[in-house]
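K.L.:
Got input-v5.cif for you, mmCIF, C-alpha atoms:
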data_model
#
loop_
_atom_site.label_atom_id
_atom_site.label_comp_id
_atom_site.auth_asym_id
_atom_site.auth_seq_id
_atom_site.Cartn_x
_atom_site.Cartn_y
_atom_site.Cartn_z
CA MET A 115 112.18 131.64 191.06
CA ARG A 116 114.90 132.60 188.64
CA ASP A 117 114.48 135.45 186.17
CA ALA A 118 112.36 134.43 183.20
CA THR A 119 113.32 135.15 179.64
CA LEU A 120 110.63 136.89 177.59
CA GLY A 121 110.42 136.08 173.94
CA ARG A 122 108.05 137.27 171.25
CA MET A 123 106.13 134.67 169.25
CA ARG A 124 104.41 135.23 165.91
CA LYS A 125 101.45 133.13 164.82
CA ILE A 126 102.11 131.08 161.69
CA ALA A 127 98.88 129.12 161.23
CA ASP A 128 95.94 127.35 162.88
CA ILE A 129 94.34 123.96 162.43
CA HIS A 130 90.59 124.10 163.14
CA VAL A 131 89.97 120.37 163.23
CA PHE A 132 86.19 120.43 162.98
CA GLU A 133 86.09 123.05 160.22
CA ASP A 134 89.14 122.35 158.06
CA GLY A 135 87.85 120.32 155.13
CA ASP A 136 91.29 119.51 153.78
CA PHE A 137 92.53 118.35 157.16
CA LEU A 138 89.44 116.15 157.66
CA ALA A 139 89.86 114.69 154.17
CA ARG A 140 93.47 113.76 154.96
CA MET A 141 92.33 112.21 158.24
CA ARG A 142 89.78 110.06 156.42
CA ALA A 143 92.33 109.04 153.79
CA MET A 144 94.86 108.05 156.45
CA SER A 145 92.19 106.13 158.38
CA ALA A 146 91.30 104.21 155.22
CA ALA A 147 94.99 103.45 154.70
CA VAL A 148 95.27 102.16 158.29
CA LEU A 149 92.26 99.89 157.78
CA ALA A 150 93.78 98.57 154.56
CA ALA A 151 97.07 97.96 156.40
CA GLY A 152 95.15 96.05 159.08
CA VAL A 153 93.60 93.78 156.45
CA LEU A 154 97.04 93.25 154.90
CA ALA A 155 98.52 92.45 158.32
CA ALA A 156 95.79 89.84 158.87
CA ILE A 157 96.48 88.25 155.49
CA LEU A 158 100.23 88.13 156.06
CA TRP A 159 99.75 86.67 159.55
CA ALA A 160 97.41 84.00 158.18
CA LEU A 161 99.86 83.08 155.44
CA ALA A 162 102.80 82.93 157.87
CA MET A 163 100.98 80.75 160.40
CA THR A 164 99.64 78.47 157.67
CA ALA A 165 103.16 78.03 156.29
CA LEU A 166 104.47 77.13 159.76
CA ARG A 167 101.76 74.53 160.17
CA GLU A 168 101.94 73.03 156.69
CA PHE A 169 105.70 72.93 156.17
CA LEU A 170 107.08 72.69 159.71
CA ASP A 171 104.20 70.85 161.39
CA ALA A 172 103.98 73.62 164.00
CA PRO A 173 100.88 73.23 166.21
CA VAL A 174 99.44 76.62 165.30
CA THR A 175 96.30 77.99 163.67
CA PRO A 176 96.31 81.37 161.97
CA PHE A 177 93.38 82.82 163.89
CA GLU A 178 91.02 81.99 166.72
CA LEU A 179 88.06 81.60 164.39
CA GLY A 180 86.78 78.78 166.59
CA ALA A 181 86.14 81.35 169.32
CA VAL A 182 84.70 83.82 166.81
CA LEU A 183 82.46 81.53 164.75
CA GLY A 184 82.33 78.30 166.74
CA SER A 185 82.50 75.01 164.82
CA LEU A 186 82.38 76.82 161.47
CA GLY A 187 85.50 78.73 162.45
CA ASP A 188 87.25 75.51 163.46
CA ARG A 189 86.48 73.97 160.07
CA LEU A 190 87.75 77.07 158.26
CA MET A 191 90.99 76.86 160.24
CA GLY A 192 91.32 73.14 159.62
CA VAL A 193 91.02 72.28 163.32
CA GLU A 194 90.03 68.68 163.98
CA GLY A 195 87.33 67.76 166.45
CA GLY A 196 85.36 70.98 166.06
CA GLY A 197 81.85 71.36 167.33
CA ARG A 198 82.27 73.97 170.06
CA GLY A 199 80.12 77.05 170.19
CA VAL A 200 81.01 80.69 169.78
CA ASP A 201 83.05 82.08 172.67
CA ILE A 202 80.94 85.05 173.73
CA ARG A 203 83.91 86.41 175.69
CA TRP A 204 85.65 87.19 172.41
CA TRP A 205 82.81 89.36 171.18
CA ILE A 206 82.18 91.06 174.51
CA SER A 207 85.86 91.87 175.01
CA LEU A 208 86.04 93.26 171.47
CA ALA A 209 83.00 95.46 172.03
CA VAL A 210 84.51 96.74 175.28
CA ALA A 211 88.11 97.07 174.13
CA ILE A 212 87.63 99.33 171.11
CA PRO A 213 85.86 102.23 172.88
CA ALA A 214 88.08 101.67 175.93
CA MET A 215 91.19 102.12 173.78
CA PHE A 216 89.92 105.49 172.57
CA ALA A 217 89.15 106.57 176.13
CA ILE A 218 92.62 105.50 177.28
CA HIS A 219 94.05 107.31 174.25
CA GLU A 220 92.64 110.60 175.53
CA LEU A 221 93.79 109.87 179.08
CA VAL A 222 97.35 109.40 177.77
CA HIS A 223 97.08 112.74 175.98
CA ALA A 224 95.90 114.31 179.23
CA MET A 225 98.79 112.81 181.21
CA PHE A 226 101.36 114.27 178.83
CA PHE A 227 99.51 117.59 178.61
CA ARG A 228 99.79 117.87 182.39
CA TYR A 229 103.38 116.63 182.52
CA TYR A 230 104.66 119.32 180.17
CA ALA A 231 102.33 122.10 181.34
CA PRO A 232 103.08 124.85 183.86
CA PRO A 233 101.53 124.52 187.32
CA GLY A 234 97.82 125.24 187.43
CA ALA A 235 97.15 124.29 183.81
CA ARG A 236 93.78 122.62 183.31
CA VAL A 237 93.15 119.70 180.98
CA ALA A 238 89.59 119.24 179.76
CA PHE A 239 87.80 116.53 177.79
CA GLY A 240 85.20 117.06 175.10
CA SER A 241 83.46 115.47 172.16
CA ASN A 242 82.02 116.24 168.76
CA LEU A 243 79.27 113.67 168.41
CA GLU A 244 78.43 114.78 164.88
CA MET A 245 81.91 113.71 163.75
CA GLY A 246 82.26 110.88 166.24
CA MET A 247 85.31 112.43 167.93
CA ILE A 248 86.39 112.71 171.54
CA TYR A 249 89.37 114.78 172.60
CA ALA A 250 91.49 116.10 175.43
CA SER A 251 92.74 119.68 175.40
CA ALA A 252 94.84 122.04 177.49
CA ASP A 253 93.17 125.15 176.14
CA GLY A 254 95.43 128.20 176.11
CA VAL A 255 98.66 126.43 177.08
CA VAL A 256 101.59 126.89 174.72
CA TYR A 257 104.00 123.98 174.41
CA PRO A 258 107.48 123.84 172.87
CA ARG A 259 107.57 122.06 169.53
CA ASP A 260 109.24 118.86 170.77
CA ALA A 261 106.95 118.56 173.77
CA TYR A 262 103.87 118.85 171.57
CA LEU A 263 105.18 116.18 169.22
CA VAL A 264 105.51 113.83 172.21
CA ILE A 265 102.00 114.71 173.38
CA ALA A 266 100.58 114.04 169.92
CA LEU A 267 102.33 110.72 169.32
CA ALA A 268 102.38 109.13 172.80
CA PRO A 269 98.89 107.54 172.63
CA SER A 270 99.53 105.98 169.22
CA LEU A 271 102.46 104.07 170.68
CA ILE A 272 101.34 103.39 174.26
CA VAL A 273 97.73 102.38 173.57
CA THR A 274 98.62 100.21 170.57
CA LEU A 275 101.24 98.40 172.66
CA LEU A 276 98.57 97.87 175.33
CA ALA A 277 96.27 96.29 172.74
CA ILE A 278 99.08 93.99 171.58
CA VAL A 279 99.94 92.93 175.14
CA LEU A 280 96.29 92.16 175.89
CA GLY A 281 95.93 90.20 172.66
CA ILE A 282 99.02 88.13 173.44
CA GLY A 283 97.63 87.43 176.90
CA PHE A 284 94.32 86.27 175.41
CA ARG A 285 96.16 84.38 172.65
CA TRP A 286 93.80 85.96 170.13
CA PRO A 287 95.77 87.27 167.13
CA LEU A 288 92.68 88.26 165.13
CA TRP A 289 91.34 90.19 168.14
CA THR A 290 94.70 91.93 168.47
CA ILE A 291 94.76 93.01 164.83
CA VAL A 292 91.17 94.25 164.91
CA VAL A 293 91.59 96.27 168.12
CA ALA A 294 94.99 97.72 167.18
CA THR A 295 93.77 98.65 163.69
CA ALA A 296 90.60 100.27 165.03
CA HIS A 297 92.63 102.32 167.48
CA LEU A 298 95.25 103.43 164.97
CA SER A 299 92.54 104.45 162.50
CA GLY A 300 91.44 106.97 165.12
CA CYS A 301 94.96 108.39 165.61
CA THR A 302 95.11 110.13 162.25
CA GLY A 303 94.24 113.58 163.63
CA ASP A 304 97.30 113.39 165.87
CA TRP A 305 99.39 112.33 162.90
CA GLY A 306 98.05 115.30 160.96
CA TYR A 307 99.33 117.62 163.69
CA VAL A 308 102.72 115.91 163.57
CA ARG A 309 102.84 116.17 159.78
CA ALA A 310 102.08 119.89 159.94
CA ILE A 311 104.72 120.54 162.61
CA ARG A 312 107.45 118.51 160.96
CA SER A 313 106.77 120.03 157.54
CA ASP A 314 107.52 123.54 158.85
CA PRO A 315 110.84 123.89 160.72
CA THR A 316 109.96 127.46 161.71
CA ILE A 317 107.27 126.21 164.11
CA ALA A 318 108.72 126.59 167.61
CA TYR A 319 105.60 126.58 169.80
CA CYS A 320 102.14 125.01 169.65
CA GLU A 321 99.15 126.42 171.50
CA ASP A 322 96.60 123.74 172.30
CA THR A 323 92.95 124.72 171.98
CA ALA A 324 89.55 123.06 172.26
CA TRP A 325 89.11 123.43 168.49
CA GLY A 326 92.59 122.39 167.34
CA VAL A 327 96.04 123.93 167.55
CA SER A 328 97.83 127.19 166.73
CA PHE A 329 101.44 127.31 165.57
CA TYR A 330 103.99 130.04 166.39
CA ASP A 331 107.55 130.77 165.47
CA ALA A 332 110.09 131.97 168.02
CA GLY A 333 109.98 135.54 166.72
CA ARG A 334 112.44 138.20 167.81
CA ARG A 335 113.04 138.74 171.50
CA ARG A 336 111.66 141.98 172.91
CA ARG A 337 109.37 143.14 175.66
CA PRO A 338 105.72 142.49 174.86
CA HIS A 339 103.07 145.19 174.67
CA GLY A 340 99.37 145.02 175.24
CA SER A 341 96.98 143.58 177.78
CA PRO A 342 97.52 140.32 179.69
CA SER A 343 96.81 137.14 177.80
CA GLU A 344 95.05 134.02 179.03
CA ALA A 345 97.61 131.82 177.33
CA ARG A 346 100.26 130.11 179.43
CA VAL A 347 103.51 128.76 178.13
CA ALA A 348 104.53 125.24 178.97
CA PRO A 349 108.07 124.81 180.30
CA MET A 350 110.99 124.12 178.05
CA THR A 351 112.51 120.66 178.20
CA GLY A 352 115.84 120.38 179.96
CA GLU A 353 115.60 123.41 182.27
CA ALA A 354 115.18 123.44 186.02
CA ASP A 355 112.55 125.97 187.08
CA ALA A 356 108.86 126.35 186.29
CA PRO A 357 107.70 129.26 184.15
CA SER A 358 105.60 132.14 185.39
CA GLU A 359 102.40 133.46 183.84
CA LEU A 360 102.96 135.64 180.81
CA GLY A 361 101.28 138.64 179.34
CA SER A 362 100.74 140.49 176.08
CA ALA A 363 98.19 140.72 173.35
CA HIS A 364 96.64 137.39 172.49
CA ALA A 365 96.27 136.47 168.83
CA PRO A 366 92.68 136.12 167.55
CA ARG A 367 91.32 132.74 168.61
CA HIS A 368 89.77 131.99 165.24
CA ALA A 369 92.34 133.43 162.90
CA GLY A 370 92.87 131.23 159.89
CA PRO A 371 96.19 130.00 158.57
CA GLY A 372 98.53 132.86 157.93
CA ARG A 373 96.44 135.38 159.88
CA GLY A 374 96.81 136.81 163.35
CA ALA A 375 100.49 137.66 163.14
CA SER A 376 100.53 139.35 166.52
CA GLY A 377 101.34 136.81 169.17
CA PHE A 378 102.14 136.75 172.87
CA SER A 379 105.26 136.51 174.92
CA ALA A 380 106.89 133.21 175.77
CA VAL A 381 108.32 132.58 179.19
CA GLU A 382 110.98 129.94 178.90
CA GLY A 383 111.18 127.95 182.10
CA GLY A 384 112.15 124.47 183.13
CA ARG A 385 110.13 121.31 183.00
CA ARG A 386 107.96 120.88 186.03
CA PRO A 387 109.35 118.15 188.32
#
In structure tokens, how does this file's structure come out?

P.N.:
Amino acid sequence: MRDATLGRMRKIADIHVFEDGDFLARMRAMSAAVLAAGVLAAILWALAMTALREFLDAPVTPFELGAVLGSLGDRLMGVEGGGRGVDIRWWISLAVAIPAMFAIHELVHAMFFRYYAPPGARVAFGSNLEMGMIYASADGVVYPRDAYLVIALAPSLIVTLLAIVLGIGFRWPLWTIVVATAHLSGCTGDWGYVRAIRSDPTIAYCEDTAWGVSFYDAGRRRRPHGSPSEARVAPMTGEADAPSELGSAHAPRHAGPGRGASGFSAVEGGRRP
């Protein structure tokens, strides 16, 4: 293994997701905005499909309300020859898809946690039933800024695209909007991380934890002092070799924003193949 470069990192702030009232309030506000956007998307889709049918005689209906509500749904959509019953598959698939999307969301996080982590890093799953949250974490692994942004945003894109593909396959636009909106409303914690990182250009590293995330700047490069730390630094993108374990004094695990200035050394290695 090639010689590793030791760098000193200084803690900037923490986000304690389950304790930070301001962060939780922003999450709820963003979730409400996503739900409102989902309703708006449904309205715009209904108007667009109705216009196609009324003005261009396109053989389309805005939504699959016949499957959702049976003959009543057909009448609401102006479908002739109604009288069919509710398609129970629509409701069952909806009930299965929404929790499944959140589970897949965490699996995508875990995949990217492992991809960017040094060898031997462990990814764990947990939940906070009181707040209705599930999560994946790579506790004690420090990731470069750009890698952590990818980890945070990947599920929002990948899982939402999966919902859209499934909805197109079922030919159920209303189902697609409901499932995609429900999933995105649960992505707002990730977006909060991204907002915090992007709002502070001095953040160079992010330490993932079971309770949230800690942010560090690059600090000045010097040999670390103190006892070995449990934290491990994820490899830097674009290099060739994997990093080694690192050591120095670990910052307090529950230091609030702006506290715990002492950090730990960063070993800059390559991305694991």

K.L.:
If I take CA of Arg312 (chain A) and CA of His297 (chain A), how far is one from the other in Å, to one decimal?

P.N.:
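According to the coordinates, CA of Arg312 (chain A) and CA of His297 (chain A) are separated by 22.9 Å.
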
K.L.:
Would you please work out which residue, of A:Met163, A:Ala250, A:Val264, A:Ile202, is nearest to Ala181 (chain A) when using all atoms listed in the file?

P.N.:
A:Ile202

K.L.:
Assuming the chain letters and numbering stay as they are in my file, what does the PyMOL selection byres ((chain A and resi 262) around 9) actually select? List them as a PDB file with C-alpha atoms, in the coordinates of the input.

P.N.:
ATOM      1  CA  PHE A 226     101.360 114.270 178.830  1.00  0.00           C
ATOM      2  CA  PHE A 227      99.510 117.590 178.610  1.00  0.00           C
ATOM      3  CA  TYR A 230     104.660 119.320 180.170  1.00  0.00           C
ATOM      4  CA  VAL A 256     101.590 126.890 174.720  1.00  0.00           C
ATOM      5  CA  TYR A 257     104.000 123.980 174.410  1.00  0.00           C
ATOM      6  CA  PRO A 258     107.480 123.840 172.870  1.00  0.00           C
ATOM      7  CA  ARG A 259     107.570 122.060 169.530  1.00  0.00           C
ATOM      8  CA  ASP A 260     109.240 118.860 170.770  1.00  0.00           C
ATOM      9  CA  ALA A 261     106.950 118.560 173.770  1.00  0.00           C
ATOM     10  CA  LEU A 263     105.180 116.180 169.220  1.00  0.00           C
ATOM     11  CA  VAL A 264     105.510 113.830 172.210  1.00  0.00           C
ATOM     12  CA  ILE A 265     102.000 114.710 173.380  1.00  0.00           C
ATOM     13  CA  ALA A 266     100.580 114.040 169.920  1.00  0.00           C
ATOM     14  CA  LEU A 267     102.330 110.720 169.320  1.00  0.00           C
ATOM     15  CA  VAL A 308     102.720 115.910 163.570  1.00  0.00           C
ATOM     16  CA  TYR A 319     105.600 126.580 169.800  1.00  0.00           C
ATOM     17  CA  CYS A 320     102.140 125.010 169.650  1.00  0.00           C
ATOM     18  CA  GLU A 321      99.150 126.420 171.500  1.00  0.00           C
ATOM     19  CA  ASP A 322      96.600 123.740 172.300  1.00  0.00           C
TER      20      ASP A 322
END

K.L.:
List the residues matched by the PyMOL selection byres ((chain A and resi 215) around 9) in the displayed structure as a list in words, ordered by chain and then by residue number.

P.N.:
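So the PyMOL selection byres ((chain A and resi 215) around 9) ends up selecting Val210, Ala211, Ile212, Pro213, Ala214, Phe216, Ala217, Ile218, His219, Glu220, Val273, Thr274, Leu276, Ala277, Val293, Ala294, Ala296 and His297 of chain A.
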
K.L.:
Give as JSON, numbers by chain each residue that has an atom at most 6 Å from (97.9, 125.7, 163.6) in the file, counting all atoms listed in the file.

P.N.:
{"A": [127, 128, 129, 327, 328, 329]}
